[in-house]
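*Asks:* Hey, dropping entry-v4.txt in here, compact mmCIF, C-alpha atoms:
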# COMPACT_ATOMS: atom_id res chain seq x y z
CA MET A 1448 -6.61 -13.34 -33.40
CA SER A 1449 -4.41 -14.37 -30.46
CA ALA A 1450 -5.56 -14.52 -26.86
CA ALA A 1451 -3.34 -11.54 -26.10
CA THR A 1452 -5.11 -9.32 -28.63
CA SER A 1453 -8.67 -10.54 -27.98
CA GLY A 1454 -8.77 -10.48 -24.18
CA ALA A 1455 -8.22 -7.73 -21.63
CA SER A 1456 -4.89 -5.91 -21.76
CA ILE A 1457 -2.80 -3.78 -19.46
CA ILE A 1458 -2.65 -0.28 -20.97
CA GLY A 1459 -1.09 1.75 -18.17
CA TRP A 1460 0.85 1.43 -14.94
CA SER A 1461 2.50 3.32 -12.13
CA HIS A 1462 4.91 2.15 -9.43
CA SER A 1463 6.03 3.78 -6.18
CA PRO A 1464 9.44 3.16 -4.66
CA PHE A 1465 9.44 0.20 -2.29
CA GLY A 1466 11.07 0.51 1.12
CA ARG A 1467 10.62 2.20 4.45
CA LEU A 1468 8.49 5.07 3.17
CA GLU A 1469 7.23 8.22 4.86
CA ALA A 1470 3.70 7.59 3.52
CA PRO A 1471 1.66 6.97 6.68
CA ASP A 1472 -0.95 4.57 5.31
CA THR A 1473 -2.34 2.67 2.35
CA THR A 1474 -4.61 5.56 1.43
CA THR A 1475 -1.58 7.75 0.77
CA LEU A 1476 0.23 4.92 -1.02
CA MET A 1477 -2.73 4.23 -3.32
CA GLY A 1478 -3.04 7.94 -4.00
CA SER A 1479 0.61 8.06 -5.03
CA VAL A 1480 0.14 5.64 -7.95
CA LEU A 1481 -3.46 5.76 -9.16
CA PRO A 1482 -3.33 9.16 -10.93
CA GLY A 1483 -0.08 8.22 -12.67
CA ALA A 1484 -1.49 4.94 -13.94
CA LEU A 1485 -4.56 6.68 -15.38
CA GLU A 1486 -2.38 9.33 -17.03
CA HIS A 1487 -0.05 6.68 -18.45
CA ALA A 1488 -3.06 4.88 -19.95
CA GLY A 1489 -4.45 8.12 -21.37
CA VAL A 1490 -7.80 7.75 -19.60
CA ALA A 1491 -9.74 9.81 -17.08
CA ALA A 1492 -10.97 8.69 -13.68
CA GLY A 1493 -14.54 9.03 -14.90
CA ASP A 1494 -13.92 6.44 -17.63
CA VAL A 1495 -13.27 3.67 -15.08
CA ASP A 1496 -15.97 1.01 -14.66
CA GLY A 1497 -14.51 -0.94 -11.75
CA ILE A 1498 -11.74 -0.72 -9.15
CA PHE A 1499 -9.95 -3.75 -7.71
CA VAL A 1500 -7.86 -3.26 -4.59
CA GLY A 1501 -5.20 -5.62 -3.24
CA VAL A 1502 -4.25 -5.02 0.41
CA TYR A 1503 -3.44 -7.80 2.88
CA ASN A 1504 -3.44 -5.66 6.08
CA ASN A 1505 -4.65 -8.15 8.73
CA GLY A 1506 -3.50 -5.81 11.50
CA PHE A 1507 -0.76 -3.71 9.92
CA SER A 1508 -3.32 -0.91 10.27
CA LEU A 1509 -6.45 -0.55 12.41
CA GLN A 1510 -8.11 1.03 9.38
CA ASP A 1511 -9.48 -1.64 7.10
CA PHE A 1512 -12.27 -1.65 4.46
CA GLN A 1513 -9.48 -0.81 2.02
CA ALA A 1514 -11.68 -0.60 -1.07
CA GLY A 1515 -13.57 2.23 0.61
CA LEU A 1516 -10.37 4.25 0.85
CA VAL A 1517 -9.82 4.59 -2.89
CA SER A 1518 -12.16 7.53 -3.39
CA ILE A 1519 -10.46 9.31 -0.48
CA ALA A 1520 -7.10 8.72 -2.16
CA VAL A 1521 -8.46 9.88 -5.54
CA PRO A 1522 -11.75 11.81 -5.22
CA GLY A 1523 -12.35 11.49 -8.97
CA LEU A 1524 -13.00 7.79 -8.44
CA VAL A 1525 -15.96 8.30 -6.10
CA GLY A 1526 -19.08 6.45 -7.18
CA ILE A 1527 -17.21 3.71 -9.08
CA PRO A 1528 -17.67 0.16 -7.73
CA ALA A 1529 -14.60 -0.87 -5.74
CA THR A 1530 -13.81 -4.33 -4.39
CA ARG A 1531 -10.95 -5.48 -2.16
CA LEU A 1532 -9.20 -8.84 -2.75
CA GLU A 1533 -6.91 -10.72 -0.36
CA ASN A 1534 -4.93 -13.87 -1.03
CA ALA A 1535 -1.85 -13.65 1.21
CA CYS A 1536 1.32 -12.75 -0.71
CA ALA A 1537 -0.61 -13.19 -3.99
CA THR A 1538 -3.13 -10.50 -3.04
CA GLY A 1539 -2.04 -8.23 -5.90
CA SER A 1540 -2.46 -10.93 -8.53
CA ALA A 1541 -5.86 -11.84 -7.08
CA ALA A 1542 -6.96 -8.23 -7.60
CA LEU A 1543 -5.55 -8.19 -11.13
CA TYR A 1544 -7.19 -11.47 -12.14
CA ALA A 1545 -10.53 -10.25 -10.77
CA ALA A 1546 -10.19 -7.11 -12.90
CA LEU A 1547 -9.37 -9.20 -15.97
CA ASP A 1548 -12.41 -11.40 -15.35
CA PHE A 1549 -14.56 -8.28 -14.90
CA VAL A 1550 -13.49 -6.85 -18.25
CA GLU A 1551 -13.48 -10.11 -20.20
CA SER A 1552 -16.97 -10.99 -18.94
CA GLY A 1553 -18.27 -7.75 -20.40
CA ARG A 1554 -19.22 -6.28 -17.03
CA GLY A 1555 -17.02 -3.29 -17.81
CA ARG A 1556 -14.54 -2.08 -20.41
CA LEU A 1557 -12.01 -0.31 -18.17
CA ALA A 1558 -10.78 -1.33 -14.72
CA VAL A 1559 -8.14 -0.09 -12.35
CA VAL A 1560 -6.07 -2.37 -10.14
CA VAL A 1561 -4.13 -1.03 -7.19
CA GLY A 1562 -2.02 -3.00 -4.72
CA ALA A 1563 -0.56 -1.44 -1.60
CA GLU A 1564 0.82 -2.28 1.82
CA LYS A 1565 2.15 -0.27 4.75
CA MET A 1566 4.23 -2.76 6.72
CA THR A 1567 6.86 -0.68 8.51
CA GLY A 1568 4.41 1.14 10.78
CA VAL A 1569 4.52 -1.71 13.30
CA PRO A 1570 7.54 -3.23 15.12
CA THR A 1571 9.40 -5.94 13.20
CA ALA A 1572 8.32 -8.64 15.65
CA ARG A 1573 4.68 -7.65 15.19
CA ALA A 1574 5.09 -7.59 11.40
CA SER A 1575 6.51 -11.11 11.52
CA GLU A 1576 3.57 -12.26 13.64
CA LEU A 1577 1.06 -10.72 11.23
CA MET A 1578 2.69 -12.31 8.19
CA LEU A 1579 2.67 -15.73 9.85
CA SER A 1580 -1.11 -15.65 9.57
CA GLY A 1581 -0.53 -16.59 5.92
CA CYS A 1582 0.42 -20.12 6.98
CA TYR A 1583 -1.77 -22.82 8.56
CA VAL A 1584 -1.68 -21.33 12.04
CA ARG A 1585 -3.01 -24.41 13.79
CA GLU A 1586 0.13 -26.33 12.84
CA GLU A 1587 2.71 -23.74 11.81
CA GLY A 1588 1.75 -20.68 13.84
CA GLY A 1589 4.18 -21.40 16.67
CA GLU A 1590 7.23 -20.82 14.51
CA GLU A 1591 9.32 -18.29 16.48
CA ALA A 1592 11.13 -17.02 13.40
CA GLY A 1593 7.87 -16.35 11.57
CA PHE A 1594 7.59 -17.15 7.89
CA ALA A 1595 11.39 -17.31 7.66
CA GLY A 1596 11.19 -20.26 10.05
CA VAL A 1597 8.57 -21.96 7.89
CA PHE A 1598 10.71 -21.63 4.77
CA ALA A 1599 13.78 -22.68 6.77
CA THR A 1600 12.07 -26.03 7.33
CA LEU A 1601 11.81 -26.35 3.54
CA ALA A 1602 15.52 -25.57 3.11
CA SER A 1603 16.41 -28.13 5.79
CA ALA A 1604 14.19 -30.75 4.19
CA TYR A 1605 15.79 -30.00 0.83
CA ALA A 1606 19.25 -30.46 2.36
CA GLU A 1607 18.26 -33.81 3.83
CA ARG A 1608 16.75 -35.08 0.57
CA TYR A 1609 19.02 -33.58 -2.09
CA GLY A 1610 22.01 -31.94 -0.40
CA ASP A 1611 22.69 -28.55 1.15
CA PRO A 1612 21.12 -25.76 -0.96
CA SER A 1613 22.93 -22.93 0.85
CA ARG A 1614 25.37 -22.20 -1.96
CA ALA A 1615 22.57 -22.10 -4.55
CA MET A 1616 20.50 -19.86 -2.29
CA ALA A 1617 23.45 -17.48 -1.95
CA GLN A 1618 23.83 -17.41 -5.74
CA ILE A 1619 20.16 -16.45 -6.03
CA ALA A 1620 20.55 -13.73 -3.40
CA ALA A 1621 23.66 -12.32 -5.08
CA LYS A 1622 22.00 -12.39 -8.53
CA ASN A 1623 18.88 -10.63 -7.35
CA HIS A 1624 20.72 -8.01 -5.33
CA ARG A 1625 22.93 -7.27 -8.32
CA ASN A 1626 19.84 -6.92 -10.51
CA GLY A 1627 18.22 -4.65 -7.94
CA VAL A 1628 20.95 -2.05 -8.40
CA ASP A 1629 19.35 -1.20 -11.75
CA ASN A 1630 15.80 -0.93 -10.39
CA PRO A 1631 14.85 2.62 -9.33
CA TYR A 1632 11.89 1.25 -7.36
CA ALA A 1633 13.91 -1.26 -5.31
CA HIS A 1634 14.08 -1.21 -1.53
CA MET A 1635 17.72 -2.35 -1.59
CA ARG A 1636 19.92 -1.16 -4.47
CA ARG A 1637 23.20 -2.71 -3.38
CA ASP A 1638 25.34 -5.45 -4.90
CA PHE A 1639 26.45 -7.62 -1.98
CA GLY A 1640 28.29 -10.22 -4.03
CA PHE A 1641 28.24 -13.99 -3.67
CA ASP A 1642 30.83 -14.28 -0.90
CA PHE A 1643 28.89 -11.98 1.43
CA CYS A 1644 25.61 -13.77 0.72
CA ASN A 1645 27.20 -17.19 1.20
CA SER A 1646 28.94 -16.44 4.50
CA PRO A 1647 27.04 -16.00 7.77
CA SER A 1648 28.42 -12.97 9.58
CA GLU A 1649 27.50 -10.22 11.99
CA LYS A 1650 26.06 -8.27 9.05
CA ASN A 1651 24.48 -11.35 7.47
CA PRO A 1652 23.37 -13.48 10.41
CA PHE A 1653 21.19 -16.54 10.40
CA VAL A 1654 17.56 -15.52 10.68
CA ALA A 1655 16.30 -19.09 10.81
CA PRO A 1656 19.06 -21.60 9.98
CA PRO A 1657 19.93 -22.34 7.25
CA LEU A 1658 18.39 -19.06 6.02
CA ARG A 1659 20.61 -16.03 6.37
CA ARG A 1660 19.40 -12.44 6.24
CA THR A 1661 20.26 -12.29 2.54
CA ASP A 1662 17.98 -15.27 1.94
CA CYS A 1663 14.91 -13.35 3.16
CA SER A 1664 12.90 -10.61 1.45
CA MET A 1665 12.48 -7.37 3.34
CA ILE A 1666 9.56 -5.79 5.15
CA SER A 1667 8.55 -2.97 2.82
CA ASP A 1668 5.98 -0.30 2.11
CA GLY A 1669 4.85 0.43 -1.43
CA ALA A 1670 2.16 0.51 -4.07
CA ALA A 1671 1.65 -0.23 -7.76
CA ALA A 1672 -1.30 0.30 -10.07
CA LEU A 1673 -2.43 -1.06 -13.44
CA VAL A 1674 -5.14 -0.02 -15.88
CA VAL A 1675 -6.88 -2.93 -17.61
CA ALA A 1676 -8.92 -2.40 -20.79
CA SER A 1677 -11.05 -4.44 -23.17
CA ALA A 1678 -9.49 -5.32 -26.53
CA ASP A 1679 -11.39 -2.61 -28.42
CA LEU A 1680 -10.28 0.11 -26.03
CA ALA A 1681 -6.72 -1.21 -25.90
CA ARG A 1682 -6.26 -0.83 -29.66
CA SER A 1683 -6.14 2.94 -29.30
CA ALA A 1684 -4.03 2.97 -26.11
CA PRO A 1685 -0.52 4.47 -26.11
CA GLN A 1686 0.83 1.05 -25.04
CA ARG A 1687 -0.77 -2.32 -24.52
CA VAL A 1688 0.36 -5.61 -23.04
CA GLY A 1689 -1.91 -8.63 -23.43
CA PHE A 1690 -2.20 -11.93 -21.62
CA ARG A 1691 -1.18 -14.81 -23.86
CA SER A 1692 -2.45 -16.97 -20.99
CA ARG A 1693 -3.00 -17.01 -17.24
CA ALA A 1694 -3.78 -19.67 -14.67
CA GLN A 1695 -4.37 -20.08 -10.96
CA ALA A 1696 -3.95 -23.29 -8.97
CA ASN A 1697 -4.21 -23.90 -5.25
CA ASP A 1698 -2.61 -26.45 -2.96
CA VAL A 1699 -3.40 -27.66 0.55
CA MET A 1700 -2.47 -25.02 3.10
CA ALA A 1701 -1.17 -27.38 5.79
CA LEU A 1702 2.37 -28.49 4.99
CA SER A 1703 1.74 -31.72 6.92
CA ARG A 1704 -0.73 -32.82 4.23
CA ARG A 1705 1.55 -32.54 1.21
CA ASP A 1706 5.16 -32.79 0.10
CA PRO A 1707 6.26 -29.17 0.68
CA LEU A 1708 9.24 -29.55 -1.68
CA GLU A 1709 7.12 -30.60 -4.62
CA PHE A 1710 5.51 -27.18 -5.11
CA ALA A 1711 2.71 -29.05 -6.86
CA GLY A 1712 0.47 -25.99 -7.10
CA VAL A 1713 3.29 -24.02 -8.69
CA ARG A 1714 3.90 -26.76 -11.24
CA ARG A 1715 0.19 -27.00 -12.00
CA ALA A 1716 -0.42 -23.25 -12.47
CA TRP A 1717 2.77 -22.76 -14.49
CA GLY A 1718 2.10 -25.80 -16.63
CA GLN A 1719 -1.48 -24.73 -17.36
CA ALA A 1720 -0.39 -21.23 -18.36
CA LEU A 1721 2.30 -22.55 -20.69
CA GLU A 1722 -0.04 -25.13 -22.21
CA GLN A 1723 -2.64 -22.45 -22.91
CA ALA A 1724 0.05 -20.26 -24.47
CA GLY A 1725 1.51 -23.11 -26.55
CA LEU A 1726 4.96 -22.50 -25.10
CA THR A 1727 7.69 -24.03 -23.00
CA THR A 1728 9.46 -22.20 -20.20
CA LEU A 1729 12.52 -21.65 -22.37
CA ASP A 1730 10.40 -19.96 -25.03
CA LEU A 1731 10.01 -17.04 -22.61
CA ASP A 1732 12.41 -14.11 -22.69
CA LEU A 1733 12.21 -13.34 -18.97
CA VAL A 1734 10.52 -14.41 -15.76
CA GLU A 1735 9.55 -12.35 -12.73
CA THR A 1736 9.01 -14.84 -9.93
CA HIS A 1737 8.19 -14.94 -6.25
CA ASP A 1738 11.48 -15.12 -4.34
CA CYS A 1739 10.11 -14.28 -0.90
CA PHE A 1740 12.96 -16.50 0.29
CA THR A 1741 15.78 -17.78 -1.89
CA ILE A 1742 14.76 -21.40 -1.30
CA ALA A 1743 11.42 -20.51 -2.94
CA GLU A 1744 13.11 -19.38 -6.17
CA LEU A 1745 15.25 -22.53 -6.16
CA LEU A 1746 12.18 -24.75 -5.82
CA GLN A 1747 10.41 -22.77 -8.54
CA TYR A 1748 13.21 -23.54 -11.01
CA GLU A 1749 12.38 -27.19 -10.52
CA ALA A 1750 8.61 -26.67 -10.62
CA PHE A 1751 8.98 -24.67 -13.85
CA GLY A 1752 10.80 -27.61 -15.45
CA LEU A 1753 14.15 -25.85 -15.74
CA ALA A 1754 15.82 -28.63 -13.75
CA GLU A 1755 15.03 -32.01 -12.26
CA ARG A 1756 14.10 -32.11 -8.60
CA GLY A 1757 17.16 -31.57 -6.47
CA GLN A 1758 19.06 -30.11 -9.44
CA GLY A 1759 17.92 -26.47 -9.31
CA HIS A 1760 21.49 -25.39 -8.62
CA ARG A 1761 22.33 -26.20 -12.24
CA VAL A 1762 20.16 -23.31 -13.43
CA LEU A 1763 22.55 -21.00 -11.59
CA GLU A 1764 25.78 -22.80 -12.36
CA GLU A 1765 24.98 -22.76 -16.08
CA GLY A 1766 24.11 -19.05 -16.00
CA LEU A 1767 20.61 -19.66 -17.36
CA ALA A 1768 18.83 -17.29 -14.96
CA GLY A 1769 21.37 -14.47 -14.94
CA PRO A 1770 20.74 -11.09 -16.60
CA HIS A 1771 22.67 -12.24 -19.67
CA GLY A 1772 21.40 -15.81 -19.61
CA LYS A 1773 18.90 -17.51 -21.88
CA LEU A 1774 16.09 -16.90 -19.36
CA PRO A 1775 16.76 -13.95 -17.04
CA VAL A 1776 14.90 -14.45 -13.77
CA ASN A 1777 14.04 -11.46 -11.59
CA ARG A 1778 15.87 -8.82 -13.61
CA SER A 1779 14.04 -6.38 -11.30
CA GLY A 1780 15.86 -7.76 -8.27
CA GLY A 1781 12.80 -9.76 -7.32
CA LEU A 1782 11.18 -9.56 -3.94
CA LYS A 1783 14.64 -10.12 -2.47
CA ALA A 1784 16.00 -6.71 -3.51
CA LYS A 1785 12.91 -4.85 -4.72
CA GLY A 1786 10.96 -5.53 -1.52
CA HIS A 1787 7.74 -7.34 -0.70
CA PRO A 1788 4.85 -5.06 0.34
CA LEU A 1789 2.32 -7.86 0.36
CA GLY A 1790 -0.64 -6.34 -1.48
CA ALA A 1791 1.52 -4.56 -4.03
CA THR A 1792 3.78 -7.46 -4.99
CA GLY A 1793 1.69 -9.18 -7.67
CA VAL A 1794 0.71 -5.86 -9.26
CA SER A 1795 4.36 -4.79 -9.27
CA MET A 1796 5.53 -8.01 -10.92
CA HIS A 1797 3.08 -7.57 -13.80
CA ALA A 1798 3.97 -3.87 -14.12
CA ILE A 1799 7.70 -4.65 -14.30
CA ALA A 1800 7.05 -7.31 -16.95
CA ALA A 1801 4.96 -4.80 -18.92
CA MET A 1802 7.83 -2.32 -18.77
CA GLN A 1803 10.19 -4.93 -20.21
CA LEU A 1804 7.78 -5.86 -23.01
CA THR A 1805 7.28 -2.23 -24.03
CA GLY A 1806 10.98 -1.37 -23.91
CA THR A 1807 10.51 1.11 -21.06
CA ALA A 1808 12.35 -0.68 -18.23
CA GLY A 1809 15.28 1.74 -18.20
CA ASP A 1810 18.47 0.29 -16.78
CA MET A 1811 16.65 -3.02 -16.19
CA GLN A 1812 15.77 -3.36 -19.88
CA LEU A 1813 16.71 -6.65 -21.53
CA PRO A 1814 17.84 -6.65 -25.18
CA ARG A 1815 15.09 -9.12 -26.09
CA ALA A 1816 11.72 -9.02 -24.34
CA GLU A 1817 8.75 -10.30 -26.32
CA LEU A 1818 7.30 -12.92 -23.95
CA ALA A 1819 7.34 -12.61 -20.17
CA GLY A 1820 6.35 -15.09 -17.49
CA VAL A 1821 5.11 -13.87 -14.11
CA PHE A 1822 4.67 -16.14 -11.11
CA ASN A 1823 3.21 -14.90 -7.81
CA MET A 1824 2.30 -17.16 -4.89
CA GLY A 1825 0.43 -16.78 -1.62
CA GLY A 1826 1.69 -18.62 1.43
CA VAL A 1827 3.97 -21.60 0.94
CA ALA A 1828 2.89 -22.19 -2.67
CA VAL A 1829 -0.77 -22.35 -1.64
CA ALA A 1830 -2.34 -19.78 -4.01
CA ASN A 1831 -0.39 -19.82 -7.26
CA TYR A 1832 -0.81 -17.37 -10.15
CA ALA A 1833 1.01 -17.74 -13.47
CA SER A 1834 0.79 -15.28 -16.38
CA VAL A 1835 2.33 -15.15 -19.85
CA LEU A 1836 2.41 -11.59 -21.18
CA GLU A 1837 3.21 -10.10 -24.58
CA ALA A 1838 2.98 -6.63 -26.08
CA TRP A 1839 0.81 -6.19 -29.17
Mind turning this structure into structure tokens?
*Replies:*
Amino acid sequence: MSAATSGASIIGWSHSPFGRLEAPDTTTLMGSVLPGALEHAGVAAGDVDGIFVGVYNNGFSLQDFQAGLVSIAVPGLVGIPATRLENACATGSAALYAALDFVESGRGRLAVVVGAEKMTGVPTARASELMLSGCYVREEGGEEAGFAGVFATLASAYAERYGDPSRAMAQIAAKNHRNGVDNPYAHMRRDFGFDFCNSPSEKNPFVAPPLRRTDCSMISDGAAALVVASADLARSAPQRVGFRSRAQANDVMALSRRDPLEFAGVRRAWGQALEQAGLTTLDLDLVETHDCFTIAELLQYEAFGLAERGQGHRVLEEGLAGPHGKLPVNRSGGLKAKGHPLGATGVSMHAIAAMQLTGTAGDMQLPRAELAGVFNMGGVAVANYASVLEAW
């Protein structure tokens, strides 16, 4: 019996659109996806043993205690233990992994995971300030351009060490925006093309040189939910996606105390997940990865072993990561086009992968999707989550 069929599995999911939504708060956003996920799994609210909530918040809303909001969003869930997780941009994966641990430990047989964020209810400058709390504020909190400025320092360091990555970053942006056209949940469903992404302009200005607007993920609202079940329950589910493996690895938060281009935590989490699964990266059929900024996806190619350090551009030039390549990366459009509501992101990535593996991804569907890799990170590769999924 494989790990995917013996451990906890995802048996249902639901996904809201991402973007500037009319939903006023996370309560409404959670309520928009939880009933659909339960229905998709073929279970009732009363069957749930535990609820795991991923919301970053940290000032996006004065209302906190997010786990306490679930039974307001869905009254049928009142009385069920609910816990809120937070791990910066990897908040959603933190909630999912806690749910998996809960089920696999035998504490419960059925868990619900919901990730949500309402980010557009505050001015853009305030949103940027709130997100910057995900870095080491003592050293990096003065960055005027927010997290874009932090990642711009990585792009500049990469240019100094290996050569200017701007063209490769534009190729990533163009690829992900083209992929996003096919994603009905995406914040931005527009194909900008390489030339637009590669050329600073009035419509694509520098946000934090060398990062242009098209190199940065958007401020988005949204929610996604998953239902996680024990192996015995999953066998009778209408669909089931198991975890061949999963791993988490952390790195030092302060960039001054590590080589920020190494993405050592990424390499460690990804390598552990692949080793557990008995696979190499190129054995996967697709990857959904954390392209909060295009330089992050470029560095992840190298951390995943797809290219030597400083050679990530070859992954793009050889067409490996394109929708028709050997290893399509971010067929959903990634965070770049889909959007990045912080608490929902990790849940969304696993839901999109599950759609691919069950042949239900619609216009995003790849012709071959048996093994999917998911990588979600918090901060500048500080909290790193890597999953290998397969349907069974």
*Asks:* Find the residues around Phe1639 in chain A up to 12 Å (all atoms listed in the file counted), leave out those fewer than 4 positions away in its own chain, and share them as a tab-separated table (two decimals) with C-alpha atoms, in the frame of the given file.
*Replies:*
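Written out: around.tsv:
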chain	number	residue	atom	x	y	z
A	1617	ALA	CA	23.45	-17.48	-1.95
A	1618	GLN	CA	23.83	-17.41	-5.74
A	1619	ILE	CA	20.16	-16.45	-6.03
A	1620	ALA	CA	20.55	-13.73	-3.40
A	1621	ALA	CA	23.66	-12.32	-5.08
A	1622	LYS	CA	22.00	-12.39	-8.53
A	1623	ASN	CA	18.88	-10.63	-7.35
A	1624	HIS	CA	20.72	-8.01	-5.33
A	1625	ARG	CA	22.93	-7.27	-8.32
A	1626	ASN	CA	19.84	-6.92	-10.51
A	1627	GLY	CA	18.22	-4.65	-7.94
A	1628	VAL	CA	20.95	-2.05	-8.40
A	1635	MET	CA	17.72	-2.35	-1.59
A	1643	PHE	CA	28.89	-11.98	1.43
A	1644	CYS	CA	25.61	-13.77	0.72
A	1645	ASN	CA	27.20	-17.19	1.20
A	1646	SER	CA	28.94	-16.44	4.50
A	1650	LYS	CA	26.06	-8.27	9.05
A	1651	ASN	CA	24.48	-11.35	7.47
A	1660	ARG	CA	19.40	-12.44	6.24
A	1661	THR	CA	20.26	-12.29	2.54
A	1784	ALA	CA	16.00	-6.71	-3.51
*Asks:* How big is the axis-aligned box, and where does its centre sit, when it encloses all atoms of range 1671-1689 of chain A listed in the file and has 6 Å added on every side, reported in Å to one decimal as AutoDock Vina command-line options?
*Replies:*
--center_x -4.9 --center_y -2.1 --center_z -18.7 --size_x 25.0 --size_y 25.1 --size_z 33.9
*Asks:* Name all residues at most 12 Å from Ala1599 in chain A (count only C-alpha atoms; drop same-chain ones fewer than 5 positions away) and give them as a PyMOL selection string.
*Replies:* chain A and resi 1590-1594+1604-1606+1612-1613+1616+1653-1660+1662-1663+1707-1708+1739-1743+1827
*Asks:* For C-alpha atoms, I'd like the residues from the last selection saved as a compact mmCIF listing (two decimals), in the coordinates of the input.
*Replies:*
# COMPACT_ATOMS: atom_id res chain seq x y z
CA GLU A 1590 7.23 -20.82 14.51
CA GLU A 1591 9.32 -18.29 16.48
CA ALA A 1592 11.13 -17.02 13.40
CA GLY A 1593 7.87 -16.35 11.57
CA PHE A 1594 7.59 -17.15 7.89
CA ALA A 1604 14.19 -30.75 4.19
CA TYR A 1605 15.79 -30.00 0.83
CA ALA A 1606 19.25 -30.46 2.36
CA PRO A 1612 21.12 -25.76 -0.96
CA SER A 1613 22.93 -22.93 0.85
CA MET A 1616 20.50 -19.86 -2.29
CA PHE A 1653 21.19 -16.54 10.40
CA VAL A 1654 17.56 -15.52 10.68
CA ALA A 1655 16.30 -19.09 10.81
CA PRO A 1656 19.06 -21.60 9.98
CA PRO A 1657 19.93 -22.34 7.25
CA LEU A 1658 18.39 -19.06 6.02
CA ARG A 1659 20.61 -16.03 6.37
CA ARG A 1660 19.40 -12.44 6.24
CA ASP A 1662 17.98 -15.27 1.94
CA CYS A 1663 14.91 -13.35 3.16
CA PRO A 1707 6.26 -29.17 0.68
CA LEU A 1708 9.24 -29.55 -1.68
CA CYS A 1739 10.11 -14.28 -0.90
CA PHE A 1740 12.96 -16.50 0.29
CA THR A 1741 15.78 -17.78 -1.89
CA ILE A 1742 14.76 -21.40 -1.30
CA ALA A 1743 11.42 -20.51 -2.94
CA VAL A 1827 3.97 -21.60 0.94
*Asks:* Using only C-alpha atoms, which of the listed residues (A:Asp1611, A:Glu1486, A:Glu1649, A:Asp1668) sits closest to Asn1504 in chain A?
*Replies:* A:Asp1668
*Asks:* Tell me which protein, DNA and RNA residues are within 7 Å of Glu1551 in chain A, counting all atoms listed in the file, leaving out same-chain ones fewer than 3 positions away, and put them as a list in words.
*Replies:* Gly1454, Ala1455, Leu1547, Asp1548 and Ser1677 of chain A
*Asks:* Pull the closest atom pair for each residue of range 1727-1803 of chain A that gets at most 12 Å from range 1464-1485 of chain A, along with the distance in Å to one decimal, counting all atoms listed in the file, ordering rows by chain and then ascending residue number, as JSON lines.
*Replies:*
{"residue": "A:Gly1780", "atom": "CA", "partner": "A:Phe1465", "partner_atom": "CA", "distance": 11.8}
{"residue": "A:Gly1781", "atom": "CA", "partner": "A:Phe1465", "partner_atom": "CA", "distance": 11.7}
{"residue": "A:Leu1782", "atom": "CA", "partner": "A:Phe1465", "partner_atom": "CA", "distance": 10.1}
{"residue": "A:Lys1783", "atom": "CA", "partner": "A:Phe1465", "partner_atom": "CA", "distance": 11.6}
{"residue": "A:Ala1784", "atom": "CA", "partner": "A:Phe1465", "partner_atom": "CA", "distance": 9.6}
{"residue": "A:Lys1785", "atom": "CA", "partner": "A:Phe1465", "partner_atom": "CA", "distance": 6.6}
{"residue": "A:Gly1786", "atom": "CA", "partner": "A:Phe1465", "partner_atom": "CA", "distance": 6.0}
{"residue": "A:His1787", "atom": "CA", "partner": "A:Phe1465", "partner_atom": "CA", "distance": 7.9}
{"residue": "A:Pro1788", "atom": "CA", "partner": "A:Phe1465", "partner_atom": "CA", "distance": 7.5}
{"residue": "A:Leu1789", "atom": "CA", "partner": "A:Phe1465", "partner_atom": "CA", "distance": 11.1}
{"residue": "A:Gly1790", "atom": "CA", "partner": "A:Thr1473", "partner_atom": "CA", "distance": 9.9}
{"residue": "A:Ala1791", "atom": "CA", "partner": "A:Phe1465", "partner_atom": "CA", "distance": 9.4}
{"residue": "A:Thr1792", "atom": "CA", "partner": "A:Phe1465", "partner_atom": "CA", "distance": 9.9}
{"residue": "A:Val1794", "atom": "CA", "partner": "A:Val1480", "partner_atom": "CA", "distance": 11.6}
{"residue": "A:Ser1795", "atom": "CA", "partner": "A:Phe1465", "partner_atom": "CA", "distance": 10.0}
{"residue": "A:Ala1798", "atom": "CA", "partner": "A:Ala1484", "partner_atom": "CA", "distance": 10.4}
*Asks:* Out of A:Asn1630, A:Ser1456, A:Ser1667, A:Thr1807, which residue has the shortest atom-to-atom distance to Ala1558 in chain A when counting all atoms listed in the file?
*Replies:*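 Distance minimum relative to Ala1558 in chain A lands on A:Ser1456.
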*Asks:* For a quick check of understanding, using only C-alpha atoms, which of A:Val1502, A:Ala1542, A:Ala1830, A:Ala1671 has the smallest distance to Met1566 in chain A?
*Replies:*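 Nearest candidate to Met1566 in chain A out of A:Val1502, A:Ala1542, A:Ala1830, A:Ala1671: A:Val1502.
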*Asks:* Which one is closest to Asp1738 in chain A: A:Met1824, A:Val1829, A:Ala1492, A:Val1521? Count all atoms listed in the file.
*Replies:*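 Distance minimum relative to Asp1738 in chain A lands on A:Met1824.
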*Asks:* Mind pulling up the distance from CA of Gly1725 in chain A to CA of Ala1768 in chain A?
*Replies:*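 Computed distance, CA of Ala1768 in chain A to CA of Gly1725 in chain A, equals 21.6 Å.
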*Asks:* Could you state the separation of CA of Ala1833 in chain A and CA of Gly1820 in chain A in Å, given to one decimal place?
*Replies:*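 The value is 7.2 Å.
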*Asks:* Gln1803 in chain A: which residues within 9 Å, counting all atoms listed in the file, same-chain residues fewer than 2 positions away excluded, as an MDAnalysis selection string?
*Replies:* chainID A and resid 1733 1798:1801 1805:1809 1811:1813 1815:1817 1819
*Asks:* Using only C-alpha atoms for the distances, tell me which of A:Glu1837, A:Glu1735, A:Asp1642, A:Asp1496 is nearest to Tyr1748 in chain A.
*Replies:*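 Closest to Tyr1748 in chain A of all the choices is A:Glu1735.
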